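Asks: My structure file run_23.txt, compact mmCIF, C-alpha atoms (C1' of nucleotides), is below:
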```
# COMPACT_ATOMS: atom_id res chain seq x y z
CA MET A 1 8.37 8.58 -0.82
CA ALA A 2 6.98 5.24 0.21
CA ARG A 3 4.04 3.39 -1.19
CA THR A 4 1.36 5.44 -2.89
CA PRO A 5 -1.12 6.49 -0.19
CA THR A 6 -4.51 4.80 -0.16
CA THR A 7 -6.11 8.20 -0.47
CA TYR A 8 -4.13 9.03 -3.58
CA ASP A 9 -6.74 7.83 -6.05
CA PRO A 10 -9.57 5.35 -6.47
CA PHE A 11 -7.16 2.65 -7.63
CA ASN A 12 -5.37 2.67 -4.32
CA ALA A 13 -8.48 3.06 -2.21
CA VAL A 14 -10.11 0.10 -3.87
CA ALA A 15 -7.04 -2.10 -3.67
CA GLU A 16 -7.99 -2.87 -0.08
CA PRO A 17 -10.47 -5.77 -0.18
CA LYS A 18 -12.51 -4.49 2.74
CA ARG A 19 -13.00 -1.20 1.04
CA ARG A 20 -14.44 -3.01 -1.92
CA GLN A 21 -16.78 -4.83 0.43
CA VAL A 22 -17.99 -1.55 1.82
CA LEU A 23 -18.79 -0.29 -1.65
CA GLU A 24 -20.55 -3.54 -2.44
CA ALA A 25 -22.54 -3.33 0.78
CA LEU A 26 -23.64 0.13 -0.18
CA GLY A 27 -24.46 -0.72 -3.74
CA THR A 28 -26.96 1.83 -4.92
CA GLN A 29 -28.46 2.44 -1.52
CA GLU A 30 -27.80 5.17 0.94
CA LEU A 31 -26.92 3.61 4.28
CA SER A 32 -25.99 4.81 7.73
CA VAL A 33 -22.80 3.64 9.36
CA ASN A 34 -24.70 1.34 11.67
CA GLU A 35 -26.53 -0.26 8.80
CA ILE A 36 -23.21 -1.03 7.16
CA VAL A 37 -21.85 -2.31 10.45
CA LYS A 38 -24.74 -4.73 10.75
CA LYS A 39 -24.55 -5.76 7.13
CA LEU A 40 -20.84 -6.57 7.26
CA GLY A 41 -20.58 -7.66 10.88
CA TRP A 42 -17.44 -5.60 11.55
CA LYS A 43 -16.69 -3.32 14.44
CA GLN A 44 -17.92 0.21 14.06
CA PRO A 45 -14.54 1.98 14.16
CA MET A 46 -13.30 -0.23 11.37
CA VAL A 47 -16.22 0.69 9.18
CA SER A 48 -15.79 4.37 9.94
CA LYS A 49 -12.12 4.26 9.11
CA HIS A 50 -12.66 2.66 5.74
CA LEU A 51 -15.49 5.07 5.00
CA GLY A 52 -13.09 7.86 5.83
CA VAL A 53 -10.66 6.76 3.15
CA LEU A 54 -13.42 6.25 0.63
CA LYS A 55 -14.74 9.70 1.38
CA GLN A 56 -11.33 11.31 0.98
CA VAL A 57 -10.92 9.92 -2.51
CA GLY A 58 -14.48 10.85 -3.35
CA LEU A 59 -15.80 7.33 -3.73
CA VAL A 60 -18.61 7.98 -1.28
CA SER A 61 -20.60 11.01 -0.26
CA GLU A 62 -21.64 11.77 3.29
CA ARG A 63 -24.85 13.39 4.43
CA ARG A 64 -25.66 14.15 8.05
CA VAL A 65 -29.10 13.36 9.32
CA GLY A 66 -29.48 13.89 13.03
CA ARG A 67 -26.85 11.80 14.70
CA GLN A 68 -26.57 9.55 11.72
CA ARG A 69 -24.34 9.90 8.70
CA MET A 70 -25.68 8.56 5.48
CA TYR A 71 -23.22 7.29 2.92
CA ARG A 72 -23.67 6.65 -0.75
CA VAL A 73 -21.41 5.43 -3.53
CA ILE A 74 -20.29 7.97 -6.09
CA ALA A 75 -20.02 5.51 -8.93
CA GLU A 76 -18.58 8.03 -11.33
CA ARG A 77 -15.34 7.98 -9.40
CA LEU A 78 -14.85 4.37 -10.43
CA LYS A 79 -14.87 5.39 -14.05
CA PRO A 80 -11.07 5.80 -14.33
CA ILE A 81 -10.63 2.21 -13.22
CA TYR A 82 -13.16 0.95 -15.68
CA GLU A 83 -11.65 2.96 -18.47
CA TRP A 84 -8.18 1.78 -17.73
CA VAL A 85 -9.00 -1.88 -17.58
CA ALA A 86 -11.64 -2.09 -20.30
CA PRO A 87 -9.21 -1.91 -23.25
CA PHE A 88 -7.57 -5.12 -22.07
CA GLU A 89 -10.82 -7.03 -22.22
CA ARG A 90 -10.54 -7.95 -25.87
CA TYR A 91 -7.29 -9.80 -25.21
CA TRP A 92 -8.56 -12.17 -22.58
CA SER A 93 -9.35 -15.00 -24.88
CA GLU A 94 -6.10 -14.60 -26.79
CA SER A 95 -3.86 -15.05 -23.78
CA TYR A 96 -6.00 -17.82 -22.41
CA ASP A 97 -3.74 -20.63 -23.51
CA ARG A 98 -0.65 -19.37 -21.75
CA LEU A 99 -2.53 -18.51 -18.60
CA ASP A 100 -2.75 -21.99 -17.21
CA GLU A 101 0.96 -22.64 -17.45
CA VAL A 102 1.95 -19.41 -15.87
CA LEU A 103 -0.49 -19.67 -13.01
CA GLN A 104 0.77 -23.13 -12.23
CA GLU A 105 4.31 -21.80 -12.17
CA ILE A 106 3.29 -19.19 -9.66
CA GLN A 107 1.61 -21.68 -7.39
CA LYS A 108 4.63 -23.92 -7.43
CA LYS A 109 6.85 -21.12 -6.25
CA GLU A 110 4.45 -20.16 -3.49
CA LYS A 111 4.82 -23.56 -1.87
CA MET B 1 -0.90 -7.13 9.51
CA ALA B 2 -0.16 -3.90 7.74
CA ARG B 3 -1.30 -2.83 4.34
CA THR B 4 -2.22 -5.52 1.87
CA PRO B 5 0.96 -6.50 -0.01
CA THR B 6 1.28 -5.37 -3.60
CA THR B 7 1.70 -8.96 -4.62
CA TYR B 8 -1.52 -10.00 -2.95
CA ASP B 9 -3.68 -9.64 -6.04
CA PRO B 10 -4.01 -7.70 -9.30
CA PHE B 11 -5.93 -4.91 -7.57
CA ASN B 12 -2.97 -4.12 -5.36
CA ALA B 13 -0.35 -4.60 -8.05
CA VAL B 14 -2.16 -2.24 -10.37
CA ALA B 15 -2.77 0.40 -7.72
CA GLU B 16 0.77 1.62 -8.30
CA PRO B 17 0.65 4.06 -11.24
CA LYS B 18 4.02 3.00 -12.59
CA ARG B 19 2.91 -0.58 -12.74
CA ARG B 20 -0.01 0.49 -14.87
CA GLN B 21 2.41 2.32 -17.14
CA VAL B 22 4.45 -0.83 -17.57
CA LEU B 23 1.36 -2.76 -18.60
CA GLU B 24 0.41 0.02 -20.98
CA ALA B 25 3.91 0.06 -22.46
CA LEU B 26 3.66 -3.63 -23.07
CA GLY B 27 0.19 -3.54 -24.52
CA THR B 28 -0.16 -6.58 -26.69
CA GLN B 29 3.49 -6.81 -27.57
CA GLU B 30 6.18 -8.96 -26.12
CA LEU B 31 9.05 -6.73 -25.05
CA SER B 32 12.45 -7.17 -23.46
CA VAL B 33 13.36 -5.29 -20.33
CA ASN B 34 15.58 -2.95 -22.26
CA GLU B 35 12.85 -2.14 -24.71
CA ILE B 36 10.60 -1.19 -21.83
CA VAL B 37 13.39 0.82 -20.27
CA LYS B 38 13.80 2.81 -23.46
CA LYS B 39 10.08 3.22 -23.96
CA LEU B 40 9.49 4.57 -20.47
CA GLY B 41 12.80 6.30 -19.90
CA TRP B 42 13.24 4.87 -16.41
CA LYS B 43 16.28 3.25 -14.86
CA GLN B 44 16.65 -0.41 -15.53
CA PRO B 45 16.44 -1.64 -11.91
CA MET B 46 13.18 0.22 -11.46
CA VAL B 47 11.66 -1.48 -14.46
CA SER B 48 12.89 -4.86 -13.30
CA LYS B 49 11.44 -4.38 -9.85
CA HIS B 50 8.02 -3.47 -11.11
CA LEU B 51 8.11 -6.35 -13.56
CA GLY B 52 8.93 -8.59 -10.63
CA VAL B 53 5.77 -7.61 -8.81
CA LEU B 54 3.69 -7.95 -11.94
CA LYS B 55 5.13 -11.37 -12.52
CA GLN B 56 4.43 -12.51 -8.99
CA VAL B 57 0.75 -11.70 -9.31
CA GLY B 58 0.66 -13.26 -12.73
CA LEU B 59 -0.02 -10.09 -14.67
CA VAL B 60 2.93 -10.71 -16.96
CA SER B 61 4.68 -13.77 -18.25
CA GLU B 62 8.43 -14.06 -18.62
CA ARG B 63 10.31 -15.91 -21.34
CA ARG B 64 14.09 -16.17 -21.48
CA VAL B 65 15.79 -15.69 -24.80
CA GLY B 66 19.54 -15.62 -24.58
CA ARG B 67 20.44 -12.92 -22.17
CA GLN B 68 17.15 -11.21 -22.67
CA ARG B 69 13.89 -11.72 -20.85
CA MET B 70 10.76 -11.17 -22.83
CA TYR B 71 7.67 -10.00 -21.00
CA ARG B 72 4.05 -10.08 -22.06
CA VAL B 73 0.81 -9.02 -20.44
CA ILE B 74 -1.50 -11.77 -19.26
CA ALA B 75 -4.67 -9.83 -19.80
CA GLU B 76 -6.89 -12.47 -18.29
CA ARG B 77 -5.54 -11.62 -14.87
CA LEU B 78 -7.15 -8.20 -15.15
CA LYS B 79 -10.54 -9.81 -15.49
CA PRO B 80 -11.35 -9.69 -11.75
CA ILE B 81 -10.88 -5.95 -11.77
CA TYR B 82 -13.04 -5.51 -14.80
CA GLU B 83 -15.72 -7.73 -13.37
CA TRP B 84 -15.72 -5.94 -10.06
CA VAL B 85 -15.97 -2.46 -11.49
CA ALA B 86 -18.24 -3.11 -14.47
CA PRO B 87 -21.49 -3.44 -12.46
CA PHE B 88 -21.07 0.13 -11.26
CA GLU B 89 -20.97 1.49 -14.77
CA ARG B 90 -24.71 1.83 -15.14
CA TYR B 91 -24.85 4.22 -12.20
CA TRP B 92 -22.42 6.80 -13.49
CA SER B 93 -24.95 9.04 -15.09
CA GLU B 94 -27.27 8.79 -12.10
CA SER B 95 -24.76 10.09 -9.60
CA TYR B 96 -23.48 12.70 -11.98
CA ASP B 97 -25.30 15.62 -10.41
CA ARG B 98 -23.88 15.15 -6.97
CA LEU B 99 -20.37 14.53 -8.24
CA ASP B 100 -19.41 18.12 -8.86
CA GLU B 101 -20.33 19.26 -5.38
CA VAL B 102 -18.49 16.51 -3.65
CA LEU B 103 -15.34 16.84 -5.69
CA GLN B 104 -15.23 20.54 -4.97
CA GLU B 105 -15.56 19.78 -1.27
CA ILE B 106 -12.60 17.45 -1.47
CA GLN B 107 -10.42 19.96 -3.26
CA LYS B 108 -11.23 22.63 -0.71
CA LYS B 109 -10.06 20.41 2.11
CA GLU B 110 -6.87 19.53 0.28
CA LYS B 111 -5.75 23.16 0.25
C1' DT C 1 39.36 -16.61 -19.87
C1' DT C 2 38.07 -12.16 -20.18
C1' DG C 3 35.07 -8.61 -21.21
C1' DA C 4 30.68 -6.71 -22.40
C1' DC C 5 25.94 -6.78 -22.31
C1' DA C 6 21.16 -7.79 -20.14
C1' DT C 7 18.81 -8.18 -16.17
C1' DA C 8 17.98 -9.09 -11.23
C1' DT C 9 18.93 -8.43 -6.34
C1' DT C 10 20.36 -6.29 -2.06
C1' DC C 11 20.73 -2.66 1.20
C1' DC C 12 19.00 1.62 2.75
C1' DG C 13 15.68 5.18 4.54
C1' DA C 14 11.39 7.53 5.00
C1' DT C 15 6.74 6.70 5.11
C1' DA C 16 1.97 5.02 5.61
C1' DT C 17 -0.68 1.28 6.34
C1' DG C 18 -4.63 -1.62 8.82
C1' DG C 19 -6.16 -3.58 13.07
C1' DG C 20 -7.22 -3.32 18.03
C1' DA C 21 -8.46 -0.89 22.01
C1' DA C 22 -9.76 3.03 24.10
C1' DT C 23 -11.65 7.39 23.91
C1' DA C 24 -13.53 11.66 21.99
C1' DT C 25 -17.25 14.20 19.68
C1' DA C 26 -21.89 15.14 18.41
C1' DA C 27 -26.81 14.94 18.67
C1' DT C 28 -30.96 13.68 20.78
C1' DA C 29 -33.92 12.34 24.71
C1' DA C 30 -35.32 12.34 29.51
C1' DT D 1 -28.22 18.54 32.98
C1' DT D 2 -27.43 13.96 32.36
C1' DA D 3 -27.71 9.74 29.92
C1' DT D 4 -27.75 7.46 25.66
C1' DT D 5 -27.10 6.71 20.98
C1' DA D 6 -24.30 7.29 16.59
C1' DT D 7 -20.06 7.98 14.75
C1' DA D 8 -15.23 9.59 14.43
C1' DT D 9 -10.55 9.92 16.16
C1' DT D 10 -6.27 8.80 18.55
C1' DC D 11 -2.57 5.90 19.98
C1' DC D 12 0.08 1.86 19.22
C1' DC D 13 2.60 -1.70 16.58
C1' DA D 14 4.32 -4.75 13.03
C1' DT D 15 4.90 -4.66 8.37
C1' DA D 16 5.84 -3.49 3.39
C1' DT D 17 6.31 -0.17 0.52
C1' DC D 18 9.08 2.66 -3.36
C1' DG D 19 13.15 4.78 -4.86
C1' DG D 20 18.15 5.21 -5.25
C1' DA D 21 22.63 3.42 -5.44
C1' DA D 22 25.47 -0.21 -5.70
C1' DT D 23 26.26 -4.79 -6.82
C1' DA D 24 25.37 -9.50 -8.17
C1' DT D 25 24.02 -12.96 -11.63
C1' DG D 26 23.75 -14.82 -16.12
C1' DT D 27 24.83 -15.17 -20.97
C1' DC D 28 27.19 -14.49 -25.05
C1' DA D 29 31.44 -13.18 -27.87
C1' DA D 30 36.33 -12.76 -28.78
```
Output the file's structure in the form of structure tokens.

Replies:
Amino acid sequence: MARTPTTYDPFNAVAEPKRRQVLEALGTQELSVNEIVKKLGWKQPMVSKHLGVLKQVGLVSERRVGRQRMYRVIAERLKPIYEWVAPFERYWSESYDRLDEVLQEIQKKEK
Amino acid sequence: MARTPTTYDPFNAVAEPKRRQVLEALGTQELSVNEIVKKLGWKQPMVSKHLGVLKQVGLVSERRVGRQRMYRVIAERLKPIYEWVAPFERYWSESYDRLDEVLQEIQKKEK
DNA sequence: TTGACATATTCCGATATGGGAATATAATAA
DNA sequence: TTATTATATTCCCATATCGGAATATGTCAA
């Protein structure tokens, strides 16, 4: 085995920043590929590829209308992510003090 | 470029299921590597490697105590994930009807 | 110093990625 | 039919991944 495939689950699909952008561009609307292309300013094949991954994991639905394909977010599929991360929310303030130190450590090492 | 590195941000670090398990095992406690090893039943090098990634992205802090290293979740670093996914929550019920269809489609194709 | 314990690192292989460029497919219009 | 529009797919490459096994590093104790 190598790294978990991007199509393995929503966590992996959404790890790619551009895929998040696609979902954001869609929002609650149903858009054609070209509309997304214009909105994001990317090349069409790139948009189609990312939509392909999102579709495989079920994060978007596809509907054919003439020569267009209309895509829409299936928000429910993001639920597992929300549910996994939500329980940590209550501890944000508690770990706040140590955060600064540790982040500074990390930045030092990156230089 | 290839795939976004796992150490690029919390999204990528957490995409790996085992890394999520490590964070879950830690919870709000501070644990040594060996305690995590016992809790998860994995081999020690595997735990150390995953902790290494988590540490690089700042999802855990490390504290040396004698020959032990104590790890703790830095929950605040999960905030970006929570904040990205939370806005979609309100649309779960709305897309519910279409979800079943689409998921069945996906499962068909996987066979 | 030597040994034992706790943890990290290195080397390996198989695998999949994302981007770019080019091209294929599909549907409509003329 | 042919041309055009809309979208998907293929081929290529450089890169990192995860896991396993083995080994290195670091720290304490006798």

Asks: Hey, can you check how far atom C1' of DA14 of chain C sits from atom CA of Val57 of chain A?

Replies: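 Interatomic distance here is 23.7 Å.
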
Asks: What would chain B look like once superposed on chain A, with the fit done by least squares over all C-alpha atoms paired in order? Give it as an mmCIF file with C-alpha atoms, in the frame of the given file.

Replies:
```cif
data_model
loop_
_atom_site.group_PDB
_atom_site.id
_atom_site.type_symbol
_atom_site.label_atom_id
_atom_site.label_comp_id
_atom_site.auth_asym_id
_atom_site.auth_seq_id
_atom_site.Cartn_x
_atom_site.Cartn_y
_atom_site.Cartn_z
ATOM 1 C CA MET B 1 8.371 8.479 -0.820
ATOM 2 C CA ALA B 2 7.005 5.134 0.208
ATOM 3 C CA ARG B 3 4.031 3.340 -1.186
ATOM 4 C CA THR B 4 1.369 5.403 -2.873
ATOM 5 C CA PRO B 5 -1.123 6.493 -0.189
ATOM 6 C CA THR B 6 -4.510 4.820 -0.173
ATOM 7 C CA THR B 7 -6.106 8.203 -0.507
ATOM 8 C CA TYR B 8 -4.112 9.038 -3.600
ATOM 9 C CA ASP B 9 -6.725 7.843 -6.067
ATOM 10 C CA PRO B 10 -9.564 5.343 -6.503
ATOM 11 C CA PHE B 11 -7.152 2.645 -7.672
ATOM 12 C CA ASN B 12 -5.356 2.684 -4.349
ATOM 13 C CA ALA B 13 -8.474 3.067 -2.237
ATOM 14 C CA VAL B 14 -10.095 0.106 -3.921
ATOM 15 C CA ALA B 15 -7.019 -2.098 -3.711
ATOM 16 C CA GLU B 16 -7.974 -2.875 -0.128
ATOM 17 C CA PRO B 17 -10.460 -5.776 -0.232
ATOM 18 C CA LYS B 18 -12.478 -4.489 2.696
ATOM 19 C CA ARG B 19 -12.978 -1.187 0.988
ATOM 20 C CA ARG B 20 -14.426 -3.019 -1.971
ATOM 21 C CA GLN B 21 -16.759 -4.844 0.393
ATOM 22 C CA VAL B 22 -17.976 -1.553 1.794
ATOM 23 C CA LEU B 23 -18.769 -0.297 -1.688
ATOM 24 C CA GLU B 24 -20.525 -3.553 -2.469
ATOM 25 C CA ALA B 25 -22.527 -3.342 0.754
ATOM 26 C CA LEU B 26 -23.631 0.113 -0.196
ATOM 27 C CA GLY B 27 -24.473 -0.727 -3.765
ATOM 28 C CA THR B 28 -26.985 1.811 -4.914
ATOM 29 C CA GLN B 29 -28.467 2.411 -1.509
ATOM 30 C CA GLU B 30 -27.805 5.145 0.951
ATOM 31 C CA LEU B 31 -26.892 3.571 4.275
ATOM 32 C CA SER B 32 -25.955 4.765 7.735
ATOM 33 C CA VAL B 33 -22.768 3.604 9.366
ATOM 34 C CA ASN B 34 -24.661 1.313 11.666
ATOM 35 C CA GLU B 35 -26.491 -0.293 8.806
ATOM 36 C CA ILE B 36 -23.177 -1.048 7.160
ATOM 37 C CA VAL B 37 -21.806 -2.334 10.435
ATOM 38 C CA LYS B 38 -24.689 -4.764 10.738
ATOM 39 C CA LYS B 39 -24.516 -5.787 7.108
ATOM 40 C CA LEU B 40 -20.815 -6.586 7.233
ATOM 41 C CA GLY B 41 -20.535 -7.695 10.834
ATOM 42 C CA TRP B 42 -17.414 -5.637 11.495
ATOM 43 C CA LYS B 43 -16.633 -3.352 14.400
ATOM 44 C CA GLN B 44 -17.890 0.152 14.052
ATOM 45 C CA PRO B 45 -14.507 1.944 14.131
ATOM 46 C CA MET B 46 -13.266 -0.262 11.323
ATOM 47 C CA VAL B 47 -16.201 0.658 9.145
ATOM 48 C CA SER B 48 -15.770 4.329 9.933
ATOM 49 C CA LYS B 49 -12.098 4.247 9.066
ATOM 50 C CA HIS B 50 -12.641 2.648 5.710
ATOM 51 C CA LEU B 51 -15.474 5.045 4.979
ATOM 52 C CA GLY B 52 -13.081 7.851 5.799
ATOM 53 C CA VAL B 53 -10.650 6.753 3.126
ATOM 54 C CA LEU B 54 -13.419 6.245 0.614
ATOM 55 C CA LYS B 55 -14.725 9.685 1.364
ATOM 56 C CA GLN B 56 -11.338 11.303 0.966
ATOM 57 C CA VAL B 57 -10.936 9.927 -2.533
ATOM 58 C CA GLY B 58 -14.490 10.844 -3.348
ATOM 59 C CA LEU B 59 -15.802 7.323 -3.740
ATOM 60 C CA VAL B 60 -18.604 7.959 -1.275
ATOM 61 C CA SER B 61 -20.600 10.971 -0.258
ATOM 62 C CA GLU B 62 -21.609 11.732 3.304
ATOM 63 C CA ARG B 63 -24.841 13.337 4.458
ATOM 64 C CA ARG B 64 -25.625 14.113 8.086
ATOM 65 C CA VAL B 65 -29.067 13.319 9.376
ATOM 66 C CA GLY B 66 -29.447 13.831 13.079
ATOM 67 C CA ARG B 67 -26.839 11.745 14.740
ATOM 68 C CA GLN B 68 -26.542 9.517 11.749
ATOM 69 C CA ARG B 69 -24.317 9.857 8.727
ATOM 70 C CA MET B 70 -25.662 8.527 5.496
ATOM 71 C CA TYR B 71 -23.205 7.256 2.925
ATOM 72 C CA ARG B 72 -23.667 6.628 -0.767
ATOM 73 C CA VAL B 73 -21.407 5.406 -3.531
ATOM 74 C CA ILE B 74 -20.292 7.955 -6.091
ATOM 75 C CA ALA B 75 -20.019 5.513 -8.931
ATOM 76 C CA GLU B 76 -18.580 8.025 -11.339
ATOM 77 C CA ARG B 77 -15.335 7.981 -9.414
ATOM 78 C CA LEU B 78 -14.840 4.368 -10.447
ATOM 79 C CA LYS B 79 -14.865 5.388 -14.074
ATOM 80 C CA PRO B 80 -11.067 5.799 -14.337
ATOM 81 C CA ILE B 81 -10.606 2.219 -13.250
ATOM 82 C CA TYR B 82 -13.149 0.956 -15.695
ATOM 83 C CA GLU B 83 -11.652 2.978 -18.493
ATOM 84 C CA TRP B 84 -8.156 1.804 -17.741
ATOM 85 C CA VAL B 85 -8.994 -1.869 -17.592
ATOM 86 C CA ALA B 86 -11.632 -2.077 -20.322
ATOM 87 C CA PRO B 87 -9.196 -1.879 -23.278
ATOM 88 C CA PHE B 88 -7.562 -5.090 -22.103
ATOM 89 C CA GLU B 89 -10.801 -7.006 -22.251
ATOM 90 C CA ARG B 90 -10.508 -7.941 -25.895
ATOM 91 C CA TYR B 91 -7.262 -9.784 -25.230
ATOM 92 C CA TRP B 92 -8.529 -12.169 -22.597
ATOM 93 C CA SER B 93 -9.349 -14.993 -24.906
ATOM 94 C CA GLU B 94 -6.095 -14.569 -26.807
ATOM 95 C CA SER B 95 -3.867 -15.042 -23.798
ATOM 96 C CA TYR B 96 -6.007 -17.810 -22.431
ATOM 97 C CA ASP B 97 -3.748 -20.648 -23.502
ATOM 98 C CA ARG B 98 -0.690 -19.392 -21.728
ATOM 99 C CA LEU B 99 -2.588 -18.499 -18.579
ATOM 100 C CA ASP B 100 -2.814 -21.966 -17.119
ATOM 101 C CA GLU B 101 0.899 -22.609 -17.353
ATOM 102 C CA VAL B 102 1.882 -19.366 -15.787
ATOM 103 C CA LEU B 103 -0.567 -19.584 -12.932
ATOM 104 C CA GLN B 104 0.667 -23.049 -12.103
ATOM 105 C CA GLU B 105 4.218 -21.718 -12.051
ATOM 106 C CA ILE B 106 3.199 -19.055 -9.582
ATOM 107 C CA GLN B 107 1.474 -21.494 -7.273
ATOM 108 C CA LYS B 108 4.490 -23.773 -7.267
ATOM 109 C CA LYS B 109 6.722 -20.955 -6.117
ATOM 110 C CA GLU B 110 4.292 -19.951 -3.399
ATOM 111 C CA LYS B 111 4.621 -23.332 -1.697
#
```

Asks: For chain C, which residues have at least one atom within 10 Å of chain A, if we go by all atoms listed in the file? Write them as a list in words, please.

Replies: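 Applying the cut-off to the listed atoms yields DG13, DA14, DT15, DA16, DT17, DG18, DG19, DG20, DA26, DA27 and DT28 of chain C.
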
Asks: Can you tell me which residues surround Arg69 of chain A at a distance of at most 9 Å, considering all atoms listed in the file, apart from same-chain residues fewer than 2 positions away, and format the answer as a list in words?

Replies: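 Using all atoms listed in the file, the neighbours found are Leu31, Ser32, Val33, Glu62, Arg63, Arg64, Val65, Gly66, Arg67 and Tyr71 of chain A; DA6 and DT7 of chain D.
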
Asks: Counting only C-alpha atoms (C1' of nucleotides), figure out which residue out of B:Val60, B:Val53, B:Leu40, B:Leu78 gets nearest to chain D.

Replies: B:Val53

Asks: If you take only C-alpha atoms (C1' of nucleotides) and a cut-off of 10 Å, which residues of chain D touch chain B, and what are their nearest atom pairs and distances in Å to one decimal, in chain and number order, as a tab-separated table?

Replies:
```
residue	atom	partner	partner_atom	distance
D:DC13	C1'	B:Ala2	CA	9.5
D:DA14	C1'	B:Met1	CA	6.7
D:DT15	C1'	B:Ala2	CA	5.2
D:DA16	C1'	B:Pro5	CA	6.7
D:DT17	C1'	B:Pro5	CA	8.3
D:DC18	C1'	B:Met46	CA	9.4
D:DG19	C1'	B:Met46	CA	8.0
D:DG20	C1'	B:Met46	CA	9.4
D:DG26	C1'	B:Arg67	CA	7.2
D:DT27	C1'	B:Arg67	CA	5.1
D:DC28	C1'	B:Arg67	CA	7.5
```

Asks: Using all atoms listed in the file, find the residues of chain B whose closest atom to chain A is at most 6 Å away, then write them as a list of chain:residue names.

Replies: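 The answer, sorted by residue number, is B:Phe11, B:Asn12, B:Ala15, B:Ala75, B:Glu76, B:Phe88, B:Tyr91, B:Trp92.
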